[in-house]
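Working notes for the structure below.
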Amino acid sequence: MKLVMNGDDLGYTLANTLGIIEAYRNGIVRSTTAMVNMPYIEQAVRLTEDCTDLGIGVHLVLTAGRPLTQNRTLTDENGSFLKQRVLRETEVDTEEVYTEWKAQIERFRELFGRMPTHIDSHHGVHSNIEKLRPVVQRLGREYGLEIRYMGKYKLVNGFYEEGSTKENLMKILSEHPDEEIEIMCHPGFCDLELYRNSSYSLQRVKELDILCSDELKNFVAEHQIELIHY
C-alpha cells in the first residue's frame with residue numbers, strides 16, 4: 001500500500017501548524033496543504049524549510065479568513081469569506097472563485113518558491129459544491145496539479161470526529177492493502193485562537209497523539225505501508 005496521510009490546514013493558526021509539523025517529524029504524516037490567506041502562513045513557510053520530505057499543496061479557501069482578491073459575491077459585509085452554510089446557499093460568481101483560487105496558488109508559489117504538490121480545499125468545497133468542480137479542474141489543468149478526489153489517489157474518508165480513533169484508522173488501512181490511497185487528517189496543538197475559531201479544535205490534539213503513537217507506526221511498518229506525498 002501507498003499512503004498519502006495529508007494534514008489539512010497548514011498556516012491556520014500557529015499551534016495547529018506546529019502540530020502538523022510534529023505529525024511529520026514524529027508521526028506518519030508526509031503531506032500537508034497550506035491555507036495561504038491565513039495570518040500564520042509566513043511562519044508556516046519558515047517552520048517547514050527543513051521538512052524536506054513533507055509534500056505541501058494548496059488548501060484552497062472560500063470559507064475562512066479573508067480573500068486575496070476583490071470580489072462581489074464571495075464575502076460578507078465585513079469583507080470576510082462566507083460561512084460554509086451560507087456559501088452553499090449563495091450564487092457565487094465562479095469567475096471570481098477562479099480568480100481568487102488562482103491568486104492563492106500564485107501566493108503559494110511566491111511564499112514557498114516552488115509549485116505546490118497538489119490541490120484540495122478547506123471544508124472540501126471544491127468537490128462537494130457541484131458548481132465549483134469545473135473551477136478547480138480548470139486550475140488543475142492550467143497548473144498540471146493533482147486534485148483531491150479527482151486524482152490518482154483514492155480518498156478514503158472516516159478518520160474524522162468520532163471516527164478519529166487509533167483502532168478505526170488501523171481498520172481503514174487494513175481494508176485497502178493493495179491500493180494507493182489518501183486519508184485527510186487534522187493533527188494540531190490547540191491554542192486559544194484555534195479553540196475560538198474552529199469547531200474542530202481539541203480533537204486535533206487527539207489526532208496528533210494517534211498519528212505519532214508507537215502502536216500506529218509499528219502497524220505501518222509491519223504492514224509495509226509506504227508513506228508518500230503527491
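Chains: A, B, ... in order of the C-alpha cells. Residues: from 1 per chain. Ligands: from 1, in order shown.
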
Would you tabulate, counting only C-alpha atoms, all residues of stretch 54-75 of chain A that have an atom at most 9 Å from an atom of stretch 29-48 of chain A, showing the closest pair of atoms and their distance in Å to one decimal, sorted by chain then ascending number, as CSV?
residue,atom,partner,partner_atom,distance
A:Leu54,CA,A:Arg30,CA,4.9
A:Gly55,CA,A:Ser31,CA,4.6
A:Ile56,CA,A:Thr32,CA,5.0
A:Gly57,CA,A:Thr33,CA,4.4
A:Val58,CA,A:Thr33,CA,4.9
A:His59,CA,A:Thr33,CA,4.9
A:Leu60,CA,A:Met35,CA,6.6
A:Val61,CA,A:Met35,CA,6.7
A:Ala64,CA,A:Met38,CA,8.1
A:Gly65,CA,A:Met38,CA,6.2
A:Arg66,CA,A:Asn37,CA,6.6
A:Pro67,CA,A:Asn37,CA,6.6
A:Leu68,CA,A:Asn37,CA,6.6

Got time to write the residues from that selection, N, CA and C atoms, as an mmCIF file, in the first residue's frame?
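Wrote it out as selection_21.cif, contents follow:
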data_model
loop_
_atom_site.group_PDB
_atom_site.id
_atom_site.type_symbol
_atom_site.label_atom_id
_atom_site.label_comp_id
_atom_site.auth_asym_id
_atom_site.auth_seq_id
_atom_site.Cartn_x
_atom_site.Cartn_y
_atom_site.Cartn_z
ATOM 1 N N LEU A 54 8.391 16.516 3.286
ATOM 2 C CA LEU A 54 6.986 16.871 3.505
ATOM 3 C C LEU A 54 6.443 17.528 2.246
ATOM 4 N N GLY A 55 5.530 16.851 1.562
ATOM 5 C CA GLY A 55 4.881 17.441 0.406
ATOM 6 C C GLY A 55 3.878 18.499 0.855
ATOM 7 N N ILE A 56 3.904 19.656 0.205
ATOM 8 C CA ILE A 56 2.997 20.744 0.608
ATOM 9 C C ILE A 56 2.188 21.202 -0.605
ATOM 10 N N GLY A 57 0.889 21.106 -0.487
ATOM 11 C CA GLY A 57 -0.015 21.560 -1.527
ATOM 12 C C GLY A 57 -0.793 22.788 -1.090
ATOM 13 N N VAL A 58 -1.780 23.160 -1.887
ATOM 14 C CA VAL A 58 -2.620 24.326 -1.587
ATOM 15 C C VAL A 58 -3.975 23.851 -1.069
ATOM 16 N N HIS A 59 -4.359 24.375 0.078
ATOM 17 C CA HIS A 59 -5.675 24.144 0.654
ATOM 18 C C HIS A 59 -6.534 25.344 0.259
ATOM 19 N N LEU A 60 -7.158 25.256 -0.905
ATOM 20 C CA LEU A 60 -7.924 26.386 -1.427
ATOM 21 C C LEU A 60 -9.031 26.780 -0.464
ATOM 22 N N VAL A 61 -9.184 28.083 -0.261
ATOM 23 C CA VAL A 61 -10.078 28.573 0.792
ATOM 24 C C VAL A 61 -11.174 29.464 0.213
ATOM 25 N N ALA A 64 -12.939 30.652 5.189
ATOM 26 C CA ALA A 64 -12.202 31.052 6.393
ATOM 27 C C ALA A 64 -11.300 32.228 6.056
ATOM 28 N N GLY A 65 -11.214 33.182 6.967
ATOM 29 C CA GLY A 65 -10.334 34.324 6.745
ATOM 30 C C GLY A 65 -10.866 35.280 5.691
ATOM 31 N N ARG A 66 -9.939 35.974 5.058
ATOM 32 C CA ARG A 66 -10.290 36.995 4.080
ATOM 33 C C ARG A 66 -9.663 36.669 2.726
ATOM 34 N N PRO A 67 -10.269 37.118 1.643
ATOM 35 C CA PRO A 67 -9.751 36.799 0.310
ATOM 36 C C PRO A 67 -8.500 37.593 -0.041
ATOM 37 N N LEU A 68 -7.806 37.126 -1.062
ATOM 38 C CA LEU A 68 -6.648 37.840 -1.594
ATOM 39 C C LEU A 68 -7.037 38.791 -2.715
#

Quick one: which stretch 121-164 of chain A residues come within 8 Å of stretch 172-184 of chain A, and what is the nearest atom pair for each with the distance in Å to one decimal, counting only C-alpha atoms, rows ordered by chain and ascending number, as a Markdown table?
| residue | atom | partner | partner_atom | distance |
| --- | --- | --- | --- | --- |
| A:Lys152 | CA | A:Glu180 | CA | 7.8 |
| A:Tyr153 | CA | A:Ile181 | CA | 4.8 |
| A:Lys154 | CA | A:Ile181 | CA | 4.6 |
| A:Leu155 | CA | A:Glu182 | CA | 4.7 |
| A:Val156 | CA | A:Ile183 | CA | 5.5 |
| A:Asn157 | CA | A:Ile183 | CA | 6.4 |
| A:Gly158 | CA | A:Ile172 | CA | 7.8 |
| A:Phe159 | CA | A:Ile183 | CA | 7.4 |

Pick out each residue of stretch 78-230 of chain A that DSSP on the backbone tags as helix (DSSP H, G or I); I need them as a ChimeraX atom specification.
/A:84-89,94-112,122-128,130-143,161-163,166-174,192-197,202-211,214-222

Within 12 Å of A:Tyr143, counting only C-alpha atoms, which residues qualify if same-chain residues fewer than 6 places away don't, as a list in words?
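These residues fall inside the cut-off: Val58, Trp101, Lys102, Ile105, Glu106, Arg109, Met115, Pro116, Thr117, His118, Ile119, Val136 and Gln137 of chain A.
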
Nearest-residue call for A:Glu89, choices A:Lys206, A:Lys131, A:His229, A:His123, using only C-alpha atoms:
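Among the listed residues, the smallest separation from A:Glu89 belongs to A:Lys131.
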
Give me the residues near A:Arg88 as a VMD selection string, where near means some atom within 12 Å (using only C-alpha atoms) and where sequence neighbours in that chain fewer than 6 positions away do not count.
chain A and resid 62 to 63 74 82 123 to 126 128 to 132

For all heavy atoms, I'd like the residues from the last selection saved as an mmCIF file, in the first residue's frame.
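Once written, again_26.cif looks like this:
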data_model
loop_
_atom_site.group_PDB
_atom_site.id
_atom_site.type_symbol
_atom_site.label_atom_id
_atom_site.label_comp_id
_atom_site.auth_asym_id
_atom_site.auth_seq_id
_atom_site.Cartn_x
_atom_site.Cartn_y
_atom_site.Cartn_z
ATOM 1 N N LEU A 62 -12.401 29.219 0.676
ATOM 2 C CA LEU A 62 -13.527 30.131 0.439
ATOM 3 C C LEU A 62 -14.342 30.357 1.703
ATOM 4 O O LEU A 62 -15.303 31.135 1.673
ATOM 5 C CB LEU A 62 -14.468 29.574 -0.648
ATOM 6 C CG LEU A 62 -14.031 29.629 -2.106
ATOM 7 C CD1 LEU A 62 -15.140 29.055 -2.990
ATOM 8 C CD2 LEU A 62 -13.679 31.041 -2.548
ATOM 9 N N THR A 63 -13.979 29.670 2.795
ATOM 10 C CA THR A 63 -14.842 29.672 3.982
ATOM 11 C C THR A 63 -14.101 30.014 5.277
ATOM 12 O O THR A 63 -14.599 29.715 6.361
ATOM 13 C CB THR A 63 -15.516 28.289 4.139
ATOM 14 O OG1 THR A 63 -14.512 27.269 4.175
ATOM 15 C CG2 THR A 63 -16.484 28.015 3.000
ATOM 16 N N LEU A 74 -18.209 36.710 -2.852
ATOM 17 C CA LEU A 74 -17.561 35.689 -2.012
ATOM 18 C C LEU A 74 -17.455 36.077 -0.542
ATOM 19 O O LEU A 74 -17.047 35.245 0.274
ATOM 20 C CB LEU A 74 -16.156 35.395 -2.547
ATOM 21 C CG LEU A 74 -16.031 35.024 -4.023
ATOM 22 C CD1 LEU A 74 -14.572 34.755 -4.370
ATOM 23 C CD2 LEU A 74 -16.912 33.835 -4.361
ATOM 24 N N LEU A 82 -17.485 33.876 3.274
ATOM 25 C CA LEU A 82 -18.760 33.408 3.780
ATOM 26 C C LEU A 82 -18.582 32.132 4.604
ATOM 27 O O LEU A 82 -17.656 31.356 4.374
ATOM 28 C CB LEU A 82 -19.714 33.118 2.617
ATOM 29 C CG LEU A 82 -19.981 34.292 1.661
ATOM 30 C CD1 LEU A 82 -20.781 33.805 0.456
ATOM 31 C CD2 LEU A 82 -20.714 35.415 2.383
ATOM 32 N N HIS A 123 -12.869 22.608 3.960
ATOM 33 C CA HIS A 123 -14.250 22.094 4.013
ATOM 34 C C HIS A 123 -14.646 21.336 2.746
ATOM 35 O O HIS A 123 -15.836 21.098 2.517
ATOM 36 C CB HIS A 123 -15.252 23.221 4.289
ATOM 37 C CG HIS A 123 -15.071 23.863 5.625
ATOM 38 N ND1 HIS A 123 -15.113 25.235 5.810
ATOM 39 C CD2 HIS A 123 -14.837 23.323 6.850
ATOM 40 C CE1 HIS A 123 -14.915 25.514 7.084
ATOM 41 N NE2 HIS A 123 -14.736 24.376 7.738
ATOM 42 N N GLY A 124 -13.674 20.989 1.910
ATOM 43 C CA GLY A 124 -13.961 20.186 0.724
ATOM 44 C C GLY A 124 -14.876 20.840 -0.291
ATOM 45 O O GLY A 124 -15.508 20.147 -1.098
ATOM 46 N N VAL A 125 -14.898 22.177 -0.327
ATOM 47 C CA VAL A 125 -15.874 22.859 -1.184
ATOM 48 C C VAL A 125 -15.610 22.632 -2.670
ATOM 49 O O VAL A 125 -16.528 22.722 -3.485
ATOM 50 C CB VAL A 125 -15.937 24.368 -0.872
ATOM 51 C CG1 VAL A 125 -16.410 24.604 0.556
ATOM 52 C CG2 VAL A 125 -14.585 25.046 -1.104
ATOM 53 N N HIS A 126 -14.361 22.330 -3.032
ATOM 54 C CA HIS A 126 -14.049 22.149 -4.455
ATOM 55 C C HIS A 126 -14.731 20.926 -5.038
ATOM 56 O O HIS A 126 -14.927 20.831 -6.252
ATOM 57 C CB HIS A 126 -12.533 22.036 -4.664
ATOM 58 C CG HIS A 126 -11.963 20.697 -4.331
ATOM 59 N ND1 HIS A 126 -11.717 20.302 -3.030
ATOM 60 C CD2 HIS A 126 -11.597 19.645 -5.109
ATOM 61 C CE1 HIS A 126 -11.211 19.084 -3.032
ATOM 62 N NE2 HIS A 126 -11.124 18.651 -4.280
ATOM 63 N N ASN A 128 -17.518 19.094 -3.041
ATOM 64 C CA ASN A 128 -18.880 18.861 -2.571
ATOM 65 C C ASN A 128 -19.865 19.979 -2.911
ATOM 66 O O ASN A 128 -21.045 19.887 -2.585
ATOM 67 C CB ASN A 128 -18.901 18.544 -1.060
ATOM 68 C CG ASN A 128 -18.346 19.676 -0.205
ATOM 69 O OD1 ASN A 128 -18.551 20.843 -0.487
ATOM 70 N ND2 ASN A 128 -17.643 19.310 0.864
ATOM 71 N N ILE A 129 -19.377 21.026 -3.567
ATOM 72 C CA ILE A 129 -20.274 22.030 -4.154
ATOM 73 C C ILE A 129 -20.124 21.912 -5.667
ATOM 74 O O ILE A 129 -19.086 22.248 -6.228
ATOM 75 C CB ILE A 129 -19.952 23.449 -3.665
ATOM 76 C CG1 ILE A 129 -20.141 23.535 -2.140
ATOM 77 C CG2 ILE A 129 -20.828 24.483 -4.371
ATOM 78 C CD1 ILE A 129 -19.857 24.908 -1.542
ATOM 79 N N GLU A 130 -21.137 21.411 -6.312
ATOM 80 C CA GLU A 130 -21.075 20.997 -7.713
ATOM 81 C C GLU A 130 -20.545 22.091 -8.633
ATOM 82 O O GLU A 130 -19.705 21.834 -9.511
ATOM 83 C CB GLU A 130 -22.463 20.554 -8.175
ATOM 84 C CG GLU A 130 -22.508 20.024 -9.594
ATOM 85 C CD GLU A 130 -21.821 18.689 -9.761
ATOM 86 O OE1 GLU A 130 -21.812 17.891 -8.801
ATOM 87 O OE2 GLU A 130 -21.290 18.426 -10.858
ATOM 88 N N LYS A 131 -21.003 23.323 -8.443
ATOM 89 C CA LYS A 131 -20.629 24.399 -9.364
ATOM 90 C C LYS A 131 -19.158 24.798 -9.257
ATOM 91 O O LYS A 131 -18.637 25.498 -10.135
ATOM 92 C CB LYS A 131 -21.513 25.623 -9.117
ATOM 93 C CG LYS A 131 -21.394 26.213 -7.719
ATOM 94 C CD LYS A 131 -22.490 27.222 -7.438
ATOM 95 C CE LYS A 131 -22.501 27.649 -5.976
ATOM 96 N NZ LYS A 131 -23.665 28.511 -5.664
ATOM 97 N N LEU A 132 -18.478 24.342 -8.216
ATOM 98 C CA LEU A 132 -17.064 24.683 -8.044
ATOM 99 C C LEU A 132 -16.127 23.648 -8.664
ATOM 100 O O LEU A 132 -14.938 23.916 -8.833
ATOM 101 C CB LEU A 132 -16.730 24.859 -6.563
ATOM 102 C CG LEU A 132 -17.516 25.949 -5.818
ATOM 103 C CD1 LEU A 132 -17.025 26.061 -4.380
ATOM 104 C CD2 LEU A 132 -17.399 27.299 -6.530
#

Taking the backbone alone, and naming residues the way the document does, which bits of stretch 120-161 of chain A are strand (DSSP E) by DSSP, as a PyMOL selection string?
chain A and resi 120-121+146-147+154-155

As an exercise, work out the distance from atom CA of A:Cys185 to atom CA of A:Lys2 in Å and give it to one decimal place.
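Going from atom CA of A:Cys185 over to atom CA of A:Lys2 covers 16.1 Å.
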